[in-house]
>>> print(open('work_39.cif').read())   # mmCIF, C-alpha atoms
data_final
#
loop_
_atom_site.label_atom_id
_atom_site.label_comp_id
_atom_site.auth_asym_id
_atom_site.auth_seq_id
_atom_site.Cartn_x
_atom_site.Cartn_y
_atom_site.Cartn_z
CA MET A 1 53.08 -52.43 68.22
CA THR A 2 53.02 -50.90 71.70
CA PRO A 3 50.13 -48.58 72.59
CA SER A 4 50.89 -45.07 71.42
CA LEU A 5 49.99 -41.66 72.80
CA LEU A 6 47.54 -41.16 69.95
CA SER A 7 45.69 -44.45 70.59
CA SER A 8 45.53 -43.70 74.33
CA LEU A 9 44.17 -40.25 73.58
CA LEU A 10 41.52 -41.54 71.17
CA SER A 11 40.36 -44.21 73.60
CA ASP A 12 40.25 -41.65 76.42
CA LEU A 13 38.26 -39.23 74.26
CA TRP A 14 35.83 -41.96 73.21
CA ALA A 15 35.31 -43.35 76.71
CA ASP A 16 35.36 -40.09 78.65
CA LEU A 17 33.82 -37.68 76.13
CA HIS A 18 31.49 -36.29 78.77
CA ASP A 19 33.99 -36.57 81.60
CA PRO A 20 34.78 -33.18 83.19
CA GLY A 21 38.47 -34.20 83.16
CA LEU A 22 38.66 -33.62 79.42
CA LEU A 23 37.25 -30.12 79.85
CA TRP A 24 39.79 -29.41 82.57
CA GLN A 25 42.60 -30.48 80.25
CA ILE A 26 41.37 -28.20 77.45
CA VAL A 27 41.01 -25.22 79.81
CA THR A 28 44.42 -25.89 81.35
CA LEU A 29 46.07 -26.18 77.94
CA ALA A 30 44.52 -22.90 76.73
CA ALA A 31 45.51 -21.17 79.98
CA CYS A 32 49.11 -22.35 79.76
CA ILE A 33 49.50 -21.21 76.14
CA GLY A 34 47.89 -17.83 76.91
CA ALA A 35 49.99 -17.33 80.05
CA GLY A 36 53.18 -18.16 78.16
CA SER A 37 52.38 -15.68 75.39
CA LEU A 38 51.38 -12.93 77.84
CA LEU A 39 54.42 -13.40 80.06
CA ALA A 40 56.72 -13.38 77.03
CA ARG A 41 55.27 -10.06 75.87
CA LEU A 42 55.64 -8.56 79.35
CA LEU A 43 59.26 -9.67 79.60
CA ARG A 44 60.05 -8.36 76.11
CA SER A 45 58.45 -4.96 76.77
CA LYS A 46 60.20 -4.66 80.13
CA VAL A 47 63.62 -5.51 78.71
CA THR A 48 63.12 -3.14 75.76
CA ALA A 49 61.89 -0.28 77.96
CA GLN A 50 64.69 -0.54 80.51
CA GLY A 51 67.40 -1.24 77.92
CA ILE A 52 68.74 -4.23 79.84
CA GLN A 53 71.85 -5.78 78.26
CA LEU A 54 72.89 -9.36 78.96
CA HIS A 55 76.63 -9.55 79.61
CA VAL A 56 76.95 -13.29 79.02
CA MET A 57 75.39 -13.26 75.57
CA ARG A 58 73.76 -10.34 73.83
CA LEU A 59 70.44 -11.64 72.53
CA ASP A 60 68.14 -9.90 70.11
CA VAL A 61 65.05 -9.36 72.24
CA GLU A 62 62.64 -8.88 69.36
CA SER A 63 63.52 -12.16 67.62
CA PHE A 64 64.23 -14.27 70.72
CA GLY A 65 60.85 -13.27 72.17
CA ARG A 66 59.26 -15.61 69.60
CA VAL A 67 61.17 -18.48 71.24
CA VAL A 68 60.37 -17.51 74.84
CA SER A 69 56.60 -17.82 74.36
CA PRO A 70 56.47 -21.56 73.47
CA LEU A 71 59.19 -22.34 76.03
CA LEU A 72 57.15 -20.75 78.82
CA ALA A 73 53.99 -22.49 77.59
CA LEU A 74 55.85 -25.82 77.57
CA SER A 75 56.99 -25.26 81.16
CA PHE A 76 53.49 -24.38 82.31
CA ILE A 77 51.98 -27.43 80.57
CA ALA A 78 54.54 -29.75 82.20
CA ILE A 79 53.77 -28.34 85.66
CA ALA A 80 49.99 -28.46 85.08
CA LYS A 81 50.23 -32.06 83.81
CA HIS A 82 51.97 -33.14 87.03
CA ILE A 83 49.38 -31.39 89.20
CA LEU A 84 46.28 -32.37 87.22
CA ALA A 85 47.34 -36.04 87.01
CA GLN A 86 46.37 -36.49 90.65
CA TRP A 87 42.63 -36.09 89.83
CA HIS A 88 42.08 -36.62 86.09
CA HIS A 89 43.50 -38.29 83.01
CA VAL A 90 46.13 -36.12 81.25
CA ASN A 91 46.44 -37.79 77.85
CA LEU A 92 45.68 -34.50 76.09
CA LEU A 93 48.45 -32.72 77.98
CA ARG A 94 50.80 -35.63 77.29
CA VAL A 95 50.28 -35.11 73.55
CA ALA A 96 50.48 -31.32 73.86
CA ILE A 97 53.96 -31.48 75.40
CA PRO A 98 55.77 -32.89 72.32
CA LEU A 99 53.74 -30.64 70.01
CA VAL A 100 54.56 -27.43 71.89
CA GLY A 101 58.12 -28.63 72.44
CA SER A 102 58.63 -29.23 68.72
CA PHE A 103 57.19 -25.78 68.00
CA ALA A 104 59.69 -24.24 70.43
CA LEU A 105 62.52 -26.26 68.87
CA ILE A 106 61.63 -25.04 65.38
CA ARG A 107 61.51 -21.41 66.45
CA PHE A 108 64.79 -21.71 68.34
CA ALA A 109 66.46 -23.29 65.30
CA PHE A 110 65.12 -20.49 63.07
CA TYR A 111 66.44 -17.92 65.55
CA MET A 112 69.93 -19.41 65.58
CA LEU A 113 70.09 -19.78 61.78
CA ARG A 114 69.02 -16.17 61.23
CA ARG A 115 71.57 -14.97 63.77
CA ILE A 116 74.29 -16.84 61.87
CA PHE A 117 73.42 -16.39 58.20
CA ALA A 118 71.04 -13.40 57.99
CA ARG A 119 72.34 -10.86 60.49
CA GLY A 120 71.26 -7.34 59.62
CA GLY A 121 69.55 -8.44 56.40
CA LYS A 122 66.84 -10.55 54.87
CA ALA A 123 66.95 -14.32 54.83
CA GLY A 124 67.97 -15.79 51.48
CA SER A 125 65.98 -18.31 49.50
CA LEU A 126 68.34 -21.14 50.46
CA LEU A 127 67.94 -20.38 54.16
CA LEU A 128 64.16 -20.22 53.85
CA THR A 129 64.14 -23.55 52.02
CA PHE A 130 66.30 -25.14 54.72
CA GLU A 131 63.99 -23.78 57.42
CA LYS A 132 60.97 -25.34 55.69
CA VAL A 133 62.75 -28.68 55.34
CA PHE A 134 63.82 -28.59 59.00
CA ALA A 135 60.28 -27.80 60.16
CA THR A 136 58.91 -30.64 58.04
CA VAL A 137 61.42 -33.12 59.48
CA VAL A 138 60.61 -32.06 63.06
CA TRP A 139 56.84 -32.35 62.56
CA CYS A 140 57.29 -35.77 60.92
CA GLY A 141 59.35 -36.90 63.91
CA VAL A 142 56.66 -35.67 66.30
CA ALA A 143 53.99 -37.48 64.30
CA LEU A 144 56.00 -40.71 64.44
CA TYR A 145 56.47 -40.28 68.20
CA ILE A 146 52.78 -39.68 68.86
CA THR A 147 51.62 -42.57 66.68
CA GLY A 148 54.10 -44.94 68.32
CA LEU A 149 56.09 -45.59 65.14
CA TRP A 150 59.25 -43.88 66.37
CA SER A 151 60.59 -46.88 68.28
CA GLU A 152 59.91 -49.18 65.33
CA LEU A 153 61.69 -46.75 62.97
CA VAL A 154 64.72 -46.74 65.28
CA GLN A 155 64.78 -50.54 65.38
CA TYR A 156 64.50 -50.70 61.60
CA LEU A 157 67.42 -48.27 61.13
CA GLU A 158 69.55 -50.20 63.61
CA GLN A 159 69.02 -53.40 61.62
CA ILE A 160 70.40 -51.80 58.43
CA VAL A 161 74.18 -52.21 58.68
CA LEU A 162 76.66 -50.61 56.27
CA PRO A 163 80.31 -51.62 55.93
CA VAL A 164 82.65 -48.75 56.89
CA GLY A 165 86.22 -49.94 56.54
CA ARG A 166 86.64 -53.01 58.71
CA LYS A 167 83.63 -52.21 60.89
CA GLN A 168 79.89 -52.60 60.48
CA VAL A 169 77.95 -49.44 61.32
CA SER A 170 74.18 -49.20 61.49
CA LEU A 171 72.28 -46.56 59.58
CA PHE A 172 70.88 -45.17 62.83
CA THR A 173 74.41 -44.61 64.17
CA ILE A 174 75.39 -42.78 60.99
CA ALA A 175 72.29 -40.58 61.19
CA GLN A 176 72.96 -39.89 64.87
CA ALA A 177 76.58 -38.99 64.11
CA GLY A 178 75.57 -36.64 61.30
CA MET A 179 73.04 -34.95 63.56
CA SER A 180 75.61 -34.47 66.33
CA VAL A 181 78.09 -32.93 63.87
CA LEU A 182 75.44 -30.61 62.48
CA VAL A 183 74.24 -29.50 65.91
CA THR A 184 77.75 -28.80 67.24
CA LEU A 185 78.68 -26.82 64.12
CA VAL A 186 75.51 -24.70 64.30
CA ILE A 187 76.14 -23.99 67.98
CA ALA A 188 79.75 -23.03 67.20
CA LEU A 189 78.70 -20.69 64.39
CA TRP A 190 76.05 -19.13 66.60
CA ALA A 191 78.53 -18.61 69.43
CA GLY A 192 80.98 -17.05 66.94
CA ALA A 193 78.29 -14.67 65.65
CA VAL A 194 77.33 -13.61 69.18
CA LEU A 195 81.01 -13.07 70.06
CA GLU A 196 81.57 -11.01 66.91
CA GLU A 197 78.59 -8.75 67.61
CA ARG A 198 79.75 -8.30 71.19
CA LEU A 199 83.29 -7.38 70.14
CA MET A 200 82.13 -4.98 67.40
CA ARG A 201 80.27 -2.93 70.01
CA MET A 202 83.44 -2.34 72.06
CA GLU A 203 84.27 1.17 70.87
CA THR A 204 87.29 1.43 73.18
CA VAL A 205 89.16 -1.28 71.23
CA HIS A 206 90.66 -0.61 67.80
CA SER A 207 88.49 -1.88 64.96
CA SER A 208 91.30 -4.02 63.54
CA LEU A 209 91.84 -5.80 66.85
CA ARG A 210 88.10 -6.38 67.14
CA VAL A 211 88.00 -7.99 63.71
CA VAL A 212 91.03 -10.17 64.51
CA ALA A 213 89.53 -11.31 67.82
CA ALA A 214 86.18 -12.07 66.15
CA ARG A 215 87.80 -14.09 63.33
CA MET A 216 90.05 -16.04 65.69
CA GLY A 217 87.18 -16.67 68.10
CA LYS A 218 84.95 -18.02 65.34
CA ALA A 219 87.76 -20.25 64.03
CA LEU A 220 88.41 -21.56 67.55
CA PHE A 221 84.73 -22.35 68.09
CA ILE A 222 84.53 -24.24 64.78
CA LEU A 223 87.70 -26.19 65.58
CA LEU A 224 86.38 -27.21 69.00
CA ALA A 225 83.01 -28.16 67.45
CA VAL A 226 84.71 -30.38 64.87
CA LEU A 227 86.87 -32.10 67.49
CA LEU A 228 83.90 -32.57 69.82
CA SER A 229 81.68 -33.94 67.06
CA LEU A 230 84.41 -36.39 65.97
CA SER A 231 84.73 -37.58 69.56
CA LEU A 232 80.97 -38.03 69.84
CA VAL A 233 80.92 -40.04 66.62
CA GLY A 234 83.70 -42.25 67.95
CA ILE A 235 86.47 -41.33 65.51
CA ASP A 236 89.98 -41.58 66.95
CA LEU A 237 91.56 -38.11 66.84
CA THR A 238 95.02 -39.58 66.24
CA VAL A 239 94.05 -40.17 62.61
CA LEU A 240 94.12 -36.39 62.17
CA SER A 241 97.91 -36.47 62.21
CA VAL A 242 97.91 -38.20 58.83
CA PHE A 243 95.34 -35.76 57.53
CA GLY A 244 97.42 -32.85 58.86
CA GLY A 245 100.48 -34.05 56.98
CA ALA A 246 98.53 -34.38 53.73
CA LEU A 247 97.03 -30.96 54.29
CA GLY A 248 100.47 -29.44 54.81
CA VAL A 249 101.73 -30.89 51.53
CA GLY A 250 98.64 -29.56 49.76
CA LEU A 251 99.15 -26.10 51.22
CA GLY A 252 102.76 -26.09 50.16
CA LEU A 253 102.03 -27.11 46.57
CA GLY A 254 98.70 -25.81 45.39
CA LEU A 255 97.24 -23.43 47.95
CA GLN A 256 100.07 -20.92 48.33
CA LYS A 257 98.09 -17.91 47.10
CA ILE A 258 95.05 -18.70 49.22
CA VAL A 259 97.08 -19.30 52.38
CA SER A 260 99.12 -16.17 51.68
CA SER A 261 95.93 -14.12 51.48
CA TYR A 262 94.66 -15.57 54.75
CA VAL A 263 97.92 -14.89 56.57
CA SER A 264 98.15 -11.42 55.01
CA GLY A 265 94.66 -10.64 56.30
CA PHE A 266 95.68 -11.33 59.89
CA VAL A 267 98.91 -9.35 59.41
CA VAL A 268 97.01 -6.32 58.07
CA LEU A 269 94.58 -6.43 60.98
CA LEU A 270 97.26 -6.92 63.63
CA GLU A 271 99.56 -4.12 62.42
CA ARG A 272 96.55 -1.75 62.09
CA SER A 273 97.62 -0.37 58.74
CA LEU A 274 94.02 -0.60 57.54
CA ALA A 275 90.71 -0.27 59.36
CA ILE A 276 87.09 -0.40 58.32
CA GLY A 277 86.09 3.09 57.18
CA ASP A 278 89.54 4.14 55.91
CA PHE A 279 89.91 5.71 52.47
CA VAL A 280 92.69 4.07 50.51
CA MET A 281 94.27 3.94 47.08
CA VAL A 282 95.47 0.42 46.26
CA ASP A 283 98.22 0.06 43.67
CA ASN A 284 97.36 3.50 42.20
CA LYS A 285 94.22 1.96 40.68
CA HIS A 286 91.46 1.45 43.20
CA PHE A 287 90.33 4.34 45.40
CA GLY A 288 87.51 4.05 47.89
CA GLN A 289 86.43 3.25 51.41
CA VAL A 290 87.27 -0.02 53.16
CA THR A 291 83.91 -1.58 53.99
CA GLN A 292 84.96 -5.14 54.93
CA ILE A 293 88.19 -6.84 55.97
CA ASN A 294 87.74 -10.58 55.64
CA THR A 295 90.26 -13.33 56.21
CA ARG A 296 91.03 -13.71 52.48
CA TYR A 297 90.06 -10.42 50.85
CA THR A 298 89.20 -6.79 51.52
CA ILE A 299 86.33 -4.90 49.90
CA VAL A 300 87.03 -1.32 48.75
CA ARG A 301 83.92 0.66 47.77
CA SER A 302 84.51 3.58 45.41
CA MET A 303 82.48 6.79 45.37
CA ASP A 304 80.42 5.61 42.38
CA GLY A 305 79.28 2.50 44.29
CA ILE A 306 81.60 -0.02 42.63
CA GLU A 307 83.00 -2.56 45.10
CA THR A 308 86.46 -3.93 44.40
CA ILE A 309 87.52 -7.24 45.96
CA VAL A 310 91.23 -6.92 46.76
CA PRO A 311 93.12 -10.05 47.92
CA ASN A 312 94.88 -9.41 51.21
CA GLU A 313 98.15 -10.50 49.66
CA THR A 314 97.96 -7.44 47.36
CA LEU A 315 97.72 -5.13 50.37
CA LEU A 316 101.13 -6.34 51.54
CA SER A 317 102.92 -6.68 48.19
CA SER A 318 101.79 -3.40 46.56
CA THR A 319 101.66 0.28 47.50
CA VAL A 320 98.64 1.33 49.53
CA GLN A 321 97.87 5.00 50.15
CA ASN A 322 95.76 5.45 53.28
CA TYR A 323 94.10 8.87 53.34
CA SER A 324 92.75 8.46 56.88
CA LEU A 325 95.32 6.38 58.76
CA THR A 326 96.21 8.94 61.45
CA ASP A 327 94.22 11.99 60.27
CA ARG A 328 90.98 12.13 58.29
CA THR A 329 91.63 15.63 56.94
CA LEU A 330 92.43 15.54 53.22
CA ARG A 331 93.98 18.25 51.04
CA LEU A 332 92.55 18.87 47.59
CA GLY A 333 93.61 21.32 44.93
CA THR A 334 92.51 22.90 41.69
CA ARG A 335 94.59 24.87 39.16
CA ILE A 336 93.78 27.86 36.98
CA THR A 337 95.74 29.99 34.50
CA ILE A 338 95.13 33.78 34.35
CA SER A 339 96.34 36.40 31.94
CA TYR A 340 99.56 38.34 32.53
CA ARG A 341 97.44 41.50 32.50
CA SER A 342 95.56 40.43 35.64
CA ASP A 343 96.38 41.61 39.16
CA MET A 344 97.91 38.44 40.61
CA GLU A 345 97.65 39.48 44.28
CA GLN A 346 93.97 40.29 43.89
CA VAL A 347 93.30 37.00 42.15
CA LEU A 348 95.03 35.02 44.94
CA ARG A 349 92.85 36.70 47.55
CA LEU A 350 89.71 36.07 45.50
CA LEU A 351 90.55 32.38 45.10
CA GLU A 352 90.95 31.94 48.87
CA GLN A 353 87.72 33.85 49.42
CA ALA A 354 85.83 31.63 46.96
CA ALA A 355 87.02 28.42 48.62
CA SER A 356 86.18 29.68 52.11
CA GLY A 357 82.57 30.12 51.07
CA VAL A 358 82.08 26.38 50.40
CA ALA A 359 80.52 24.53 53.34
CA ARG A 360 82.73 21.40 53.26
CA VAL A 361 86.00 23.36 53.09
CA LEU A 362 87.75 23.71 56.44
CA LYS A 363 88.57 27.13 57.82
CA ASP A 364 91.51 25.77 59.81
CA PRO A 365 93.77 25.14 58.03
CA LYS A 366 92.42 27.83 55.74
CA PRO A 367 92.53 27.67 51.92
CA GLN A 368 95.77 28.87 50.34
CA ALA A 369 96.34 30.14 46.79
CA LEU A 370 99.84 29.82 45.31
CA LEU A 371 101.67 30.95 42.18
CA LEU A 372 103.15 27.83 40.61
CA LYS A 373 104.62 28.71 37.22
CA PHE A 374 105.04 31.40 34.58
CA GLN A 375 103.51 29.59 31.64
CA ALA A 376 103.62 30.67 28.00
CA ASP A 377 99.89 31.38 28.10
CA GLY A 378 99.68 33.04 31.52
CA LEU A 379 100.21 32.69 35.25
CA GLU A 380 99.47 29.20 36.60
CA LEU A 381 97.86 29.36 40.07
CA GLU A 382 96.84 26.60 42.46
CA LEU A 383 94.16 26.78 45.14
CA GLY A 384 94.65 24.23 47.92
CA PHE A 385 92.03 23.52 50.57
CA TRP A 386 91.25 20.86 53.21
CA ILE A 387 88.19 18.75 53.95
CA ALA A 388 87.38 16.58 56.97
CA ASP A 389 84.84 14.22 55.37
CA PRO A 390 86.54 12.24 52.60
CA GLU A 391 83.82 9.60 52.90
CA ASN A 392 81.47 12.00 51.08
CA GLY A 393 83.71 12.02 47.99
CA ARG A 394 86.07 14.49 46.35
CA GLY A 395 84.26 15.24 43.12
CA GLY A 396 81.38 17.11 44.73
CA VAL A 397 83.48 19.55 46.74
CA LEU A 398 85.85 20.14 43.80
CA SER A 399 82.86 21.02 41.64
CA GLU A 400 81.54 23.45 44.25
CA VAL A 401 84.92 25.15 44.62
CA ASN A 402 85.41 25.45 40.85
CA ARG A 403 81.94 26.96 40.45
CA ALA A 404 82.65 29.45 43.21
CA ILE A 405 85.96 30.38 41.52
CA TRP A 406 84.30 30.92 38.15
CA LYS A 407 81.55 33.05 39.70
CA ILE A 408 83.91 35.35 41.59
CA LEU A 409 86.23 35.75 38.59
CA GLN A 410 83.27 36.72 36.41
CA GLU A 411 82.14 39.27 38.98
CA HIS A 412 85.57 40.97 38.97
CA HIS A 413 86.07 40.69 35.18
CA ILE A 414 89.23 38.64 35.49
CA GLU A 415 90.28 36.93 32.28
CA VAL A 416 91.03 33.21 32.34
CA SER A 417 93.88 32.55 29.97
CA TYR A 418 93.75 29.96 27.21
CA PRO A 419 96.42 28.75 24.74
CA GLN A 420 97.25 31.17 21.89
CA ARG A 421 99.68 30.72 18.97
CA GLU A 422 100.96 33.22 16.36
CA ILE A 423 101.89 32.06 12.83
CA ARG A 424 104.04 34.23 10.48
CA ILE A 425 104.08 33.58 6.72
CA ILE A 426 107.22 35.04 5.06
CA GLY A 427 108.12 35.14 1.35
CA THR A 428 104.94 33.62 -0.02
CA ALA A 429 103.71 35.03 -3.36
CA GLY A 430 100.42 36.89 -3.32
CA VAL A 431 100.40 37.44 0.40
CA THR A 432 103.31 39.87 0.82
CA ASP A 433 101.01 42.40 2.41
CA LEU A 434 99.93 39.80 4.99
CA GLU A 435 102.81 39.68 7.41
CA ARG A 436 101.15 38.01 10.33
CA LEU A 437 98.13 35.81 10.73
CA PRO A 438 97.07 35.09 14.35
CA VAL A 439 95.52 31.68 14.91
CA THR A 440 93.89 30.73 18.18
CA ASN A 441 93.59 27.18 19.45
CA ALA A 442 91.18 26.71 22.33
#
>>> encode(input="work_39.cif", output="structure tokens")
Amino acid sequence: MTPSLLSSLLSDLWADLHDPGLLWQIVTLAACIGAGSLLARLLRSKVTAQGIQLHVMRLDVESFGRVVSPLLALSFIAIAKHILAQWHHVNLLRVAIPLVGSFALIRFAFYMLRRIFARGGKAGSLLLTFEKVFATVVWCGVALYITGLWSELVQYLEQIVLPVGRKQVSLFTIAQAGMSVLVTLVIALWAGAVLEERLMRMETVHSSLRVVAARMGKALFILLAVLLSLSLVGIDLTVLSVFGGALGVGLGLGLQKIVSSYVSGFVVLLERSLAIGDFVMVDNKHFGQVTQINTRYTIVRSMDGIETIVPNETLLSSTVQNYSLTDRTLRLGTRITISYRSDMEQVLRLLEQAASGVARVLKDPKPQALLLKFQADGLELELGFWIADPENGRGGVLSEVNRAIWKILQEHHIEVSYPQREIRIIGTAGVTDLERLPVTNA
């Protein structure tokens, strides 16, 4: 086995325990780590205070600052190692470089994974488990490198050959290919997430176009990552023509609904018939606010918090009522029946006055009370009014208007009519003196 960094360090520590060079290495290492941490804090505070925005890629300063500190420390240690090597042994700094570098790699990987899978929320248990496994693998690799066993492990993996078709492929090549595919896919997903966040902040562009551009950009990045990883592995891309034909047959036979939903999603976004934040009624069943428009389905959140997953194909094949497509103002109405003995003109004015006193009711257009029908039990009136915040729900404002109507009618002693029926009993023995018997049904 060739001499390793660890054996060189132990021999240097044993032989030169009282050598001032070892003390210089310890002081230099501590100074580099402290300088990297301090400089990272200064840069983070300066960027946060001045509100600097990177135009190439918009990075989260708070989370990426955890990556900058070990990267700066690694740079300082590499420079100090080159300078200090002219006068003293630098075995300690040689070992510190892979340790600090692995620490920076772990933090950078955590940063990218959180940007992809846990944006705006907490990391799930699966992501936390994967982060722990990744950190363990990296530290094991560093330990093998320091102890000098890395080269022997590589030779051992290259000697294990597995038959793949007509070729013999070593286990090390397979592991290297899998790592290249994983790295390119993670980079593609991270680039797609950064692009999506950048596009979603462009308020001058319609929200539907932003979603379409983000989805297409992410799909393009993933496609390029797959093609690049296949090229790195050594797979001939011409074999994809056979796979494409098989995929086309599969789409035509068994994946019609899924493909239809994906295509419908892009059609809905491109024609701008729906946007995030719109209030819609889908197929006269599901009313709520559009919270997400994904490539296969759309989420409609009702006022009671229930989220309905609507396939995008349904949005094209069924009737969709959009309450906020071109105008967010929404007309609501409530009906009431008054007695024929009431002053109708006075009641109409009182109804409009009651609705105008509710905070959410618009004054322009103003509330309007109408006479609809002459019913058998009284005069049927309707009070129509407009609101500009349908996202706050309809039930609350209807309740407030109805309470205001009831209060003002009670103050003016106006009778609210209710169904009444009159029954006459004719020619029945024993009740000839009872000609009429009124019966009231509430």
>>> atom_distance(input="work_39.cif", atom1="CA of Gly277 in chain A", atom2="CA of Thr326 in chain A")
12.4 Å
>>> atom_distance(input="work_39.cif", atom1="CA of Trp386 in chain A", atom2="CA of Glu345 in chain A")
21.6 Å
>>> resolve_selection(input="work_39.cif", expression="the PyMOL selection byres ((chain A and resi 287-295) around 10)", output="PyMOL selection string")
chain A and resi 208+211-212+215-216+259+261-266+268-269+274-286+296-312+320-324+390-391+393
>>> residues_around(input="work_39.cif", residues="Ala177 in chain A", least_positions_apart="4", cutoff="10 Å", atoms="only C-alpha atoms", output="list in words")
Leu171, Phe172, Thr173, Val181, Leu182, Val183, Ser229, Leu230, Ser231, Leu232, Val233 and Gly234 of chain A
>>> axis_aligned_box(input="work_39.cif", around="range 139-155 of chain A", padding_each_side="6 Å", output="lines of an AutoDock Vina configuration file")
center_x = 58.2
center_y = -41.4
center_z = 64.9
size_x = 25.2
size_y = 30.2
size_z = 19.9
>>> atom_distance(input="work_39.cif", atom1="CA of Gly141 in chain A", atom2="CA of Gln155 in chain A")
14.8 Å
>>> closest_residue(input="work_39.cif", among="A:Arg107, A:Arg360, A:Lys366, A:Lys132", to="Leu71 in chain A", atoms="all atoms listed in the file")
A:Arg107
>>> residues_near_point(input="work_39.cif", point="(90.5, 27.3, 48.7)", cutoff="10 Å", atoms="all atoms listed in the file", output="JSON, numbers by chain")
{"A": [331, 332, 333, 334, 348, 349, 350, 351, 352, 353, 354, 355, 356, 357, 358, 361, 362, 363, 366, 367, 368, 369, 382, 383, 384, 385, 386, 398, 401, 402, 404, 405]}
>>> residues_around(input="work_39.cif", residues="Ile187 in chain A", least_positions_apart="4", cutoff="10 Å", atoms="all atoms listed in the file", output="list in words")
Met112, Leu113, Ile116, Leu182, Val183, Ala191, Gly192, Ala193, Phe221, Ile222 and Ala225 of chain A
>>> resolve_selection(input="work_39.cif", expression="the PyMOL selection byres ((chain A and resi 210) around 10)", output="list in words")
Glu196, Glu197, Arg198, Leu199, Met200, Arg201, Met202, Glu203, Thr204, Val205, His206, Ser207, Ser208, Leu209, Val211, Val212, Ala213, Ala214, Arg215, Met216, Leu269 and Leu270 of chain A
